[in-house]
file input_27.csv (CSV, C-alpha atoms and all ligand atoms)
chain,number,residue,atom,x,y,z
A,1,MET,CA,-22.2,10.2,-12.4
A,2,ASN,CA,-20.9,7.2,-10.4
A,3,LYS,CA,-17.1,6.9,-10.3
A,4,VAL,CA,-15.3,4.0,-11.8
A,5,VAL,CA,-12.8,2.6,-9.2
A,6,LEU,CA,-10.2,0.0,-10.2
A,7,ILE,CA,-8.7,-1.9,-7.2
A,8,THR,CA,-5.7,-4.4,-7.2
A,9,GLY,CA,-5.5,-7.3,-4.9
A,10,CYS,CA,-9.2,-8.0,-4.2
A,11,SER,CA,-8.9,-11.7,-3.3
A,12,THR,CA,-8.7,-11.0,0.5
A,13,GLY,CA,-8.1,-8.4,3.2
A,14,ILE,CA,-8.2,-4.6,2.6
A,15,GLY,CA,-8.8,-4.8,-1.2
A,16,ARG,CA,-11.7,-7.2,-0.9
A,17,ASP,CA,-13.3,-5.2,1.9
A,18,LEU,CA,-12.8,-2.0,0.0
A,19,ALA,CA,-14.4,-3.4,-3.2
A,20,GLN,CA,-17.4,-4.5,-1.2
A,21,ARG,CA,-17.8,-1.2,0.7
A,22,LEU,CA,-17.5,1.0,-2.4
A,23,SER,CA,-19.9,-1.2,-4.4
A,24,GLN,CA,-22.4,-0.9,-1.6
A,25,SER,CA,-21.9,2.9,-1.6
A,26,GLY,CA,-22.8,3.0,-5.3
A,27,TYR,CA,-19.4,3.1,-7.0
A,28,ILE,CA,-18.7,1.2,-10.2
A,29,VAL,CA,-16.0,-1.1,-8.8
A,30,VAL,CA,-13.7,-3.1,-11.0
A,31,ALA,CA,-12.3,-5.7,-8.6
A,32,THR,CA,-9.2,-7.5,-9.7
A,33,ALA,CA,-7.1,-10.4,-8.5
A,34,ARG,CA,-4.5,-12.8,-9.7
A,35,ASN,CA,-6.9,-15.7,-9.6
A,36,MET,CA,-10.5,-15.0,-10.5
A,37,GLU,CA,-11.9,-17.8,-8.2
A,38,THR,CA,-10.5,-16.0,-5.1
A,39,MET,CA,-13.2,-13.3,-5.8
A,40,ASP,CA,-16.1,-15.8,-5.7
A,41,GLY,CA,-18.9,-14.2,-3.6
A,42,LEU,CA,-17.6,-10.7,-4.2
A,43,VAL,CA,-20.3,-8.6,-5.9
A,44,THR,CA,-19.0,-5.7,-8.0
A,45,ALA,CA,-19.7,-4.1,-11.4
A,46,LEU,CA,-16.9,-6.0,-13.0
A,47,LYS,CA,-14.3,-8.6,-11.9
A,48,LEU,CA,-11.1,-9.1,-13.9
A,49,PRO,CA,-7.9,-11.1,-13.6
A,50,LEU,CA,-4.8,-8.9,-12.9
A,51,ASP,CA,-1.3,-9.8,-11.8
A,52,VAL,CA,0.6,-6.6,-11.2
A,53,THR,CA,3.9,-8.3,-12.1
A,54,ASP,CA,2.5,-9.1,-15.6
A,55,PRO,CA,2.4,-6.1,-18.0
A,56,GLU,CA,0.1,-7.9,-20.4
A,57,SER,CA,-2.4,-8.6,-17.7
A,58,ILE,CA,-2.3,-5.0,-16.6
A,59,GLN,CA,-2.9,-3.8,-20.2
A,60,ASN,CA,-5.8,-6.3,-20.6
A,61,ALA,CA,-7.5,-5.2,-17.4
A,62,VAL,CA,-7.2,-1.5,-18.1
A,63,ALA,CA,-8.5,-2.0,-21.7
A,64,ALA,CA,-11.4,-4.2,-20.5
A,65,THR,CA,-12.4,-1.5,-18.0
A,66,LEU,CA,-12.2,1.3,-20.5
A,67,LYS,CA,-14.2,-0.8,-23.1
A,68,ARG,CA,-17.0,-1.4,-20.5
A,69,PHE,CA,-17.2,2.0,-18.7
A,70,GLY,CA,-15.2,4.4,-20.9
A,71,ARG,CA,-13.2,5.8,-18.0
A,72,ILE,CA,-11.2,5.1,-14.8
A,73,ASP,CA,-11.7,7.7,-12.1
A,74,VAL,CA,-9.8,6.1,-9.3
A,75,LEU,CA,-7.0,3.6,-9.1
A,76,VAL,CA,-6.3,1.9,-5.7
A,77,ASN,CA,-2.9,0.3,-5.7
A,78,ASN,CA,-3.5,-2.2,-2.9
A,79,ALA,CA,-1.7,-5.4,-3.9
A,80,GLY,CA,1.3,-6.1,-1.7
A,81,TYR,CA,3.1,-8.3,0.8
A,82,ALA,CA,6.0,-8.5,3.2
A,83,GLN,CA,9.1,-10.5,3.1
A,84,VAL,CA,10.6,-10.7,6.6
A,85,GLY,CA,14.3,-11.4,7.2
A,86,ALA,CA,17.6,-9.7,8.1
A,87,ILE,CA,19.1,-8.0,5.0
A,88,GLU,CA,22.1,-10.4,5.1
A,89,GLU,CA,19.9,-13.5,5.0
A,90,LEU,CA,17.6,-12.5,2.2
A,91,THR,CA,18.4,-13.2,-1.4
A,92,ASP,CA,18.2,-10.7,-4.3
A,93,ASP,CA,15.4,-12.8,-5.7
A,94,GLN,CA,13.3,-12.6,-2.5
A,95,ILE,CA,13.7,-8.9,-2.3
A,96,ARG,CA,13.3,-8.4,-6.1
A,97,GLN,CA,10.1,-10.4,-6.1
A,98,MET,CA,8.6,-8.1,-3.4
A,99,TYR,CA,9.7,-5.0,-5.3
A,100,GLU,CA,8.0,-6.4,-8.4
A,101,VAL,CA,4.7,-6.4,-6.6
A,102,ASN,CA,4.9,-3.5,-4.1
A,103,VAL,CA,6.8,-1.0,-6.2
A,104,PHE,CA,7.0,-1.9,-9.9
A,105,GLY,CA,3.5,-3.3,-9.8
A,106,ALA,CA,2.1,0.0,-8.5
A,107,MET,CA,4.2,2.0,-11.0
A,108,ARG,CA,3.1,-0.2,-13.9
A,109,MET,CA,-0.6,0.4,-12.9
A,110,ILE,CA,0.0,4.1,-12.6
A,111,ARG,CA,1.6,4.3,-16.1
A,112,ALA,CA,-1.3,2.3,-17.5
A,113,VAL,CA,-4.1,4.5,-16.2
A,114,VAL,CA,-2.5,8.0,-16.1
A,115,PRO,CA,-2.8,8.7,-19.9
A,116,HIS,CA,-6.5,8.1,-19.6
A,117,MET,CA,-6.9,10.2,-16.5
A,118,ARG,CA,-5.0,13.0,-18.2
A,119,GLN,CA,-7.3,12.8,-21.1
A,120,GLN,CA,-10.3,12.9,-18.7
A,121,LYS,CA,-8.6,15.9,-16.9
A,122,ALA,CA,-9.5,14.2,-13.7
A,123,GLY,CA,-8.4,11.2,-11.6
A,124,ARG,CA,-7.3,10.0,-8.2
A,125,ILE,CA,-4.6,7.4,-7.3
A,126,ILE,CA,-4.6,5.9,-3.9
A,127,ASN,CA,-1.4,4.0,-3.0
A,128,ILE,CA,-1.6,1.7,0.0
A,129,SER,CA,1.7,2.1,1.9
A,130,SER,CA,2.2,1.2,5.6
A,131,ILE,CA,3.5,2.7,8.8
A,132,ALA,CA,6.5,0.6,7.8
A,133,GLY,CA,6.8,3.2,5.1
A,134,LYS,CA,7.5,5.8,7.8
A,135,MET,CA,9.4,3.7,10.4
A,136,VAL,CA,11.9,0.9,10.1
A,137,THR,CA,12.5,-2.0,12.5
A,138,PRO,CA,15.1,-4.8,12.3
A,139,VAL,CA,14.3,-7.8,10.1
A,140,ASN,CA,11.6,-5.8,8.3
A,141,GLY,CA,13.9,-3.5,6.4
A,142,SER,CA,13.4,-4.9,2.9
A,143,TYR,CA,9.6,-4.6,3.2
A,144,SER,CA,9.9,-1.1,4.7
A,145,SER,CA,12.2,-0.1,1.8
A,146,THR,CA,9.4,-1.0,-0.7
A,147,LYS,CA,7.0,1.2,1.2
A,148,PHE,CA,9.5,4.0,1.5
A,149,ALA,CA,9.9,3.8,-2.3
A,150,LEU,CA,6.1,3.9,-2.7
A,151,GLU,CA,6.0,7.0,-0.5
A,152,ALA,CA,8.8,8.8,-2.5
A,153,LEU,CA,7.1,7.9,-5.8
A,154,SER,CA,3.8,9.1,-4.5
A,155,ASP,CA,5.3,12.4,-3.3
A,156,ALA,CA,6.8,13.0,-6.7
A,157,LEU,CA,3.6,11.9,-8.6
A,158,ARG,CA,1.4,14.2,-6.4
A,159,LEU,CA,3.3,17.2,-7.8
A,160,GLU,CA,3.8,15.8,-11.3
A,161,LEU,CA,0.1,15.0,-11.8
A,162,ALA,CA,-1.4,18.0,-10.0
A,163,PRO,CA,-1.5,20.2,-13.2
A,164,PHE,CA,-3.7,17.5,-14.8
A,165,ASP,CA,-6.1,17.5,-11.9
A,166,ILE,CA,-5.0,14.0,-10.8
A,167,GLN,CA,-4.6,13.7,-7.1
A,168,VAL,CA,-2.2,11.1,-5.5
A,169,VAL,CA,-2.8,10.0,-2.0
A,170,LEU,CA,-1.0,7.6,0.4
A,171,VAL,CA,-2.9,5.5,2.9
A,172,GLU,CA,-0.7,4.1,5.7
A,173,PRO,CA,-2.2,1.2,7.6
A,174,GLY,CA,-0.9,0.0,11.0
A,175,ALA,CA,-1.2,-3.7,11.8
A,176,ILE,CA,-4.5,-5.0,10.3
A,177,LYS,CA,-6.1,-8.4,10.6
A,178,THR,CA,-6.1,-9.8,7.0
A,179,ASN,CA,-4.2,-12.5,5.1
A,180,PHE,CA,-1.1,-10.4,5.4
A,181,ASP,CA,0.2,-12.3,8.4
A,182,GLN,CA,-0.3,-15.7,6.7
A,183,THR,CA,1.7,-14.4,3.6
A,184,VAL,CA,4.4,-13.1,6.0
A,185,HIS,CA,4.7,-16.6,7.4
A,186,ALA,CA,4.6,-18.3,4.0
A,187,HIS,CA,7.6,-16.2,2.8
A,188,GLY,CA,9.5,-15.8,6.1
A,189,ASP,CA,9.0,-18.8,8.4
A,190,GLU,CA,12.0,-20.7,7.2
A,191,ILE,CA,14.3,-17.8,7.7
A,192,VAL,CA,12.8,-16.7,11.0
A,193,SER,CA,12.9,-20.2,12.6
A,194,ASN,CA,16.4,-21.1,11.6
A,195,PRO,CA,18.2,-21.9,14.8
A,196,ALA,CA,21.6,-21.4,13.2
A,197,SER,CA,20.9,-17.8,12.2
A,198,PRO,CA,23.1,-15.2,13.8
A,199,TYR,CA,20.0,-13.0,13.9
A,200,ARG,CA,17.9,-15.4,16.0
A,201,SER,CA,17.5,-12.9,18.9
A,202,PHE,CA,16.0,-10.4,16.5
A,203,TYR,CA,13.7,-13.0,15.0
A,204,ARG,CA,12.7,-14.1,18.5
A,205,LYS,CA,11.8,-10.5,19.4
A,206,TYR,CA,10.0,-10.0,16.1
A,207,GLN,CA,7.9,-13.1,16.8
A,208,GLN,CA,7.1,-12.0,20.3
A,209,VAL,CA,5.9,-8.6,19.1
A,210,SER,CA,3.9,-10.2,16.3
A,211,ASP,CA,2.3,-12.7,18.8
A,212,ARG,CA,1.5,-9.9,21.2
A,213,MET,CA,-0.3,-7.9,18.4
A,214,ARG,CA,-2.1,-10.9,17.0
A,215,GLY,CA,-5.8,-10.8,17.8
A,216,GLN,CA,-5.7,-7.1,18.8
A,217,GLU,CA,-5.5,-5.6,15.3
A,218,PRO,CA,-8.5,-4.0,13.8
A,219,GLY,CA,-10.1,-5.6,10.7
A,220,PRO,CA,-9.7,-4.3,7.1
A,221,GLN,CA,-12.8,-2.1,7.6
A,222,ALA,CA,-10.6,0.3,9.6
A,223,VAL,CA,-8.5,0.9,6.4
A,224,SER,CA,-11.3,0.8,3.8
A,225,LYS,CA,-13.2,3.4,5.7
A,226,VAL,CA,-10.2,5.8,5.5
A,227,ILE,CA,-9.6,5.0,1.8
A,228,GLN,CA,-13.2,6.0,1.1
A,229,GLN,CA,-12.6,9.3,2.9
A,230,ALA,CA,-9.5,9.9,0.9
A,231,LEU,CA,-11.4,9.1,-2.3
A,232,GLU,CA,-14.3,11.4,-1.5
A,233,SER,CA,-12.5,14.4,0.0
A,234,SER,CA,-12.6,17.4,-2.3
A,235,LYS,CA,-9.1,18.3,-1.0
A,236,PRO,CA,-7.4,15.1,0.0
A,237,LYS,CA,-4.4,15.1,2.3
A,238,ALA,CA,-1.1,13.7,1.0
A,239,ARG,CA,-1.2,10.8,3.5
A,240,TYR,CA,-3.7,9.2,5.8
A,241,LEU,CA,-2.8,6.9,8.7
A,242,ALA,CA,-5.4,4.1,9.1
A,243,GLY,CA,-6.0,1.6,11.9
A,244,VAL,CA,-3.1,3.1,13.9
A,245,ALA,CA,-3.6,3.5,17.7
A,246,MET,CA,-3.3,6.9,19.4
A,247,SER,CA,0.1,5.9,20.9
A,248,GLY,CA,1.4,5.1,17.4
A,249,ARG,CA,0.1,8.3,16.0
A,250,LEU,CA,1.8,10.2,18.9
A,251,ILE,CA,5.2,8.5,18.2
A,252,ILE,CA,5.0,9.3,14.5
A,253,ASN,CA,4.0,12.9,15.1
A,254,LEU,CA,6.7,13.3,17.7
A,255,ARG,CA,9.3,11.8,15.4
A,256,ASP,CA,8.3,14.3,12.7
A,257,LEU,CA,8.4,17.2,15.1
A,258,VAL,CA,11.9,16.2,16.4
A,259,TRP,CA,13.2,15.7,12.9
A,260,ASP,CA,11.8,19.2,11.8
A,261,LEU,CA,13.6,20.7,14.8
A,262,VAL,CA,16.9,19.0,13.9
A,263,VAL,CA,16.7,20.2,10.2
A,264,ARG,CA,15.7,23.7,11.3
A,265,GLN,CA,18.7,23.8,13.5
A,266,MET,CA,21.0,22.3,10.8
A,267,PHE,CA,19.9,24.8,8.2
A,268,SER,CA,19.4,27.7,10.6
A,269,ILE,CA,15.7,28.0,9.6
A,270,ILE,CA,14.1,30.7,11.7
A,271,PRO,CA,10.3,30.6,11.7
A,272,GLN,CA,8.7,33.7,10.1
A,273,GLU,CA,7.0,36.0,12.7
A,301,LIG,N1,-2.4,-6.1,7.0
A,301,LIG,C1,-1.5,-5.3,7.5
A,301,LIG,O1,-1.1,-5.4,8.7
A,301,LIG,C2,-1.0,-4.2,6.6
A,301,LIG,C3,-0.3,-3.1,7.3
A,301,LIG,C4,0.2,-2.1,6.5
A,301,LIG,C5,0.1,-2.1,5.1
A,301,LIG,N2,-0.6,-3.2,4.5
A,301,LIG,C6,-0.7,-3.2,3.0
A,301,LIG,O2,-2.0,-3.3,2.7
A,301,LIG,C7,-2.1,-3.9,1.4
A,301,LIG,C8,-3.1,-5.0,1.4
A,301,LIG,O3,-2.7,-6.0,2.3
A,301,LIG,P1,-3.7,-6.9,3.2
A,301,LIG,O4,-3.4,-6.5,4.6
A,301,LIG,O5,-5.1,-6.7,2.7
A,301,LIG,O6,-3.1,-8.3,2.9
A,301,LIG,P2,-3.7,-9.6,2.1
A,301,LIG,O7,-5.0,-10.0,2.7
A,301,LIG,O8,-2.6,-10.6,2.1
A,301,LIG,O9,-4.0,-9.0,0.7
A,301,LIG,C9,-2.9,-8.8,-0.2
A,301,LIG,C10,-3.4,-8.8,-1.6
A,301,LIG,O10,-2.4,-8.5,-2.6
A,301,LIG,C11,-2.5,-9.4,-3.6
A,301,LIG,N3,-1.3,-9.7,-4.4
A,301,LIG,C12,-0.1,-10.2,-4.0
A,301,LIG,N4,0.7,-10.3,-5.1
A,301,LIG,C13,0.0,-9.8,-6.2
A,301,LIG,C14,0.3,-9.7,-7.5
A,301,LIG,N5,1.5,-10.0,-8.1
A,301,LIG,N6,-0.7,-9.2,-8.4
A,301,LIG,C15,-1.9,-8.9,-7.9
A,301,LIG,N7,-2.2,-9.0,-6.6
A,301,LIG,C16,-1.3,-9.5,-5.7
A,301,LIG,C17,-3.0,-10.7,-2.9
A,301,LIG,O11,-3.5,-11.6,-3.9
A,301,LIG,P3,-3.3,-13.2,-3.7
A,301,LIG,O12,-4.4,-13.6,-2.8
A,301,LIG,O13,-3.4,-13.8,-5.1
A,301,LIG,O14,-2.0,-13.5,-3.1
A,301,LIG,C18,-4.1,-10.1,-2.0
A,301,LIG,O15,-5.2,-9.9,-2.8
A,301,LIG,C19,-0.7,-4.3,1.0
A,301,LIG,O16,-0.1,-3.4,0.1
A,301,LIG,C20,0.0,-4.3,2.4
A,301,LIG,O17,1.4,-4.1,2.2
A,301,LIG,C21,-1.1,-4.2,5.2

call {"tool": "encode", "arguments": {"input": "input_27.csv", "output": "structure tokens"}}
result
Amino acid sequence: MNKVVLITGCSTGIGRDLAQRLSQSGYIVVATARNMETMDGLVTALKLPLDVTDPESIQNAVAATLKRFGRIDVLVNNAGYAQVGAIEELTDDQIRQMYEVNVFGAMRMIRAVVPHMRQQKAGRIINISSIAGKMVTPVNGSYSSTKFALEALSDALRLELAPFDIQVVLVEPGAIKTNFDQTVHAHGDEIVSNPASPYRSFYRKYQQVSDRMRGQEPGPQAVSKVIQQALESSKPKARYLAGVAMSGRLIINLRDLVWDLVVRQMFSIIPQE
């Protein structure tokens, strides 16, 4: 039986590429986006409007999927964006809006599909986090905090939903060439280019690093390939890095190793022979 996969944020980038890839692999893909016309040209079993900040739109999309296919086997929480800016210079509303999409949006989706997955006694939820959900840099802290939240929620959900045969997996992309950068500019340019900002040296550095990376990032295929692996694995890992260079993987692994050593020391944990 072909699996029914519901994906959020399919207008562009990773979501769109994933919808295409899974459709071509024989999955029944329900591609969703805020504006239907942004999915023109995308061929999937079903396309639906879905804004993850709008509970009614979530209920409608889930109901329409169940009505058509009778089940939802996989949910991919992909919709998300980044608001750049020093914490002092961002408003509550700017940060809240990002949490509405990246954190509450994902939670709302999960609450909407889990009762059906529990009834089916099977399901998989793939949450698209980021390496920013593992490491924090200046002027990116509010975005990182949304992905840290998603990581924590996923870690709890993985355990809470395991007895119902629902697996929860995190996919953590590095810098990927999508519309992401454009959205970062749309939300952050005014803040980052303010010459009167006391944080201008951070912003300058941030822009230099972004410029250096631009053009070198892998495309969304690097992530959708990993998402498909996570979806098809009989024993999925808790988290998968995607589109992260070897040097980045090394730093992350080294950081984890050092932290483990510190905690072992702190709690006098002696490894078992
Ligand atoms: N690209 C990267 O470097 C990178 C790195 C790490 C993690 N990620 C994560 O990967 C995911 C996908 O991003 P991407 O790189 O593919 O960027 P993207 O091309 O900008 O795609 C983001 C998607 O999220 C959708 N979205 C935003 N707000 C929404 C809402 N309220 N309801 C429904 N959909 C909404 C966008 O729809 P609209 O077109 O309507 O705005 C778009 O389809 C995000 O969670 C992002 O945080 C990306």

call {"tool": "residues_near_ligand", "arguments": {"input": "input_27.csv", "ligand": "ligand LIG 301 (chain A)", "cutoff": "8 Å", "atoms": "all atoms listed in the file", "output": "PyMOL selection string"}}
result
chain A and resi 8-16+32-35+38+50-54+77-82+100-102+105+128-132+147+172-183+217+220

call {"tool": "closest_residue", "arguments": {"input": "input_27.csv", "among": "A:Leu22, A:Ala112, A:Ile251, A:Val29", "to": "A:Ile227", "atoms": "only C-alpha atoms"}}
result
A:Leu22

call {"tool": "residues_around", "arguments": {"input": "input_27.csv", "residues": "A:Tyr240", "least_positions_apart": "6", "cutoff": "8 Å", "atoms": "all atoms listed in the file", "output": "PyMOL selection string"}}
result
chain A and resi 169-172+226+230

call {"tool": "atom_distance", "arguments": {"input": "input_27.csv", "atom1": "atom CA of A:Ser57", "atom2": "atom CA of A:Gly26"}}
result
26.5 Å

call {"tool": "closest_residue", "arguments": {"input": "input_27.csv", "among": "A:Pro138, A:Ala238, A:Ser268, A:Ser25", "to": "A:Ala156", "atoms": "all atoms listed in the file"}}
result
A:Ala238

call {"tool": "closest_residue", "arguments": {"input": "input_27.csv", "among": "A:Arg239, A:Ala86, A:Ser142, A:Leu157", "to": "A:Ser197", "atoms": "all atoms listed in the file"}}
result
A:Ala86

call {"tool": "closest_residue", "arguments": {"input": "input_27.csv", "among": "A:Asp40, A:Asp155, A:Asp73, A:Glu56", "to": "A:Leu6", "atoms": "all atoms listed in the file"}}
result
A:Asp73

call {"tool": "residues_around", "arguments": {"input": "input_27.csv", "residues": "stretch 160-168 of chain A", "least_positions_apart": "2", "cutoff": "7 Å", "atoms": "only C-alpha atoms", "output": "PyMOL selection string"}}
result
chain A and resi 118+121-126+154+156-158+170

call {"tool": "write_last_selection", "arguments": {"input": "input_27.csv", "atoms": "C-alpha atoms", "output": "PDB file, in the frame of the given file"}}
result
ATOM      1  CA  ARG A 118      -5.000  13.000 -18.200  1.00  0.00           C
ATOM      2  CA  LYS A 121      -8.600  15.900 -16.900  1.00  0.00           C
ATOM      3  CA  ALA A 122      -9.500  14.200 -13.700  1.00  0.00           C
ATOM      4  CA  GLY A 123      -8.400  11.200 -11.600  1.00  0.00           C
ATOM      5  CA  ARG A 124      -7.300  10.000  -8.200  1.00  0.00           C
ATOM      6  CA  ILE A 125      -4.600   7.400  -7.300  1.00  0.00           C
ATOM      7  CA  ILE A 126      -4.600   5.900  -3.900  1.00  0.00           C
ATOM      8  CA  SER A 154       3.800   9.100  -4.500  1.00  0.00           C
ATOM      9  CA  ALA A 156       6.800  13.000  -6.700  1.00  0.00           C
ATOM     10  CA  LEU A 157       3.600  11.900  -8.600  1.00  0.00           C
ATOM     11  CA  ARG A 158       1.400  14.200  -6.400  1.00  0.00           C
ATOM     12  CA  LEU A 170      -1.000   7.600   0.400  1.00  0.00           C
TER      13      LEU A 170
END

call {"tool": "closest_residue", "arguments": {"input": "input_27.csv", "among": "A:Ile58, A:Val43, A:Val103, A:Val74", "to": "A:Val4", "atoms": "all atoms listed in the file"}}
result
A:Val74

call {"tool": "closest_residue", "arguments": {"input": "input_27.csv", "among": "A:Gly85, A:Gly41, A:Ile72, A:Val136", "to": "A:Gln120", "atoms": "only C-alpha atoms"}}
result
A:Ile72

call {"tool": "atom_distance", "arguments": {"input": "input_27.csv", "atom1": "atom CA of A:Arg204", "atom2": "atom CA of A:Glu89"}}
result
15.3 Å

call {"tool": "atom_distance", "arguments": {"input": "input_27.csv", "atom1": "atom CA of A:Ala149", "atom2": "atom CA of A:Val258"}}
result
22.5 Å

call {"tool": "residues_around", "arguments": {"input": "input_27.csv", "residues": "A:Lys134", "least_positions_apart": "4", "cutoff": "8 Å", "atoms": "all atoms listed in the file", "output": "ChimeraX atom specification"}}
result
/A:130,144,148,252
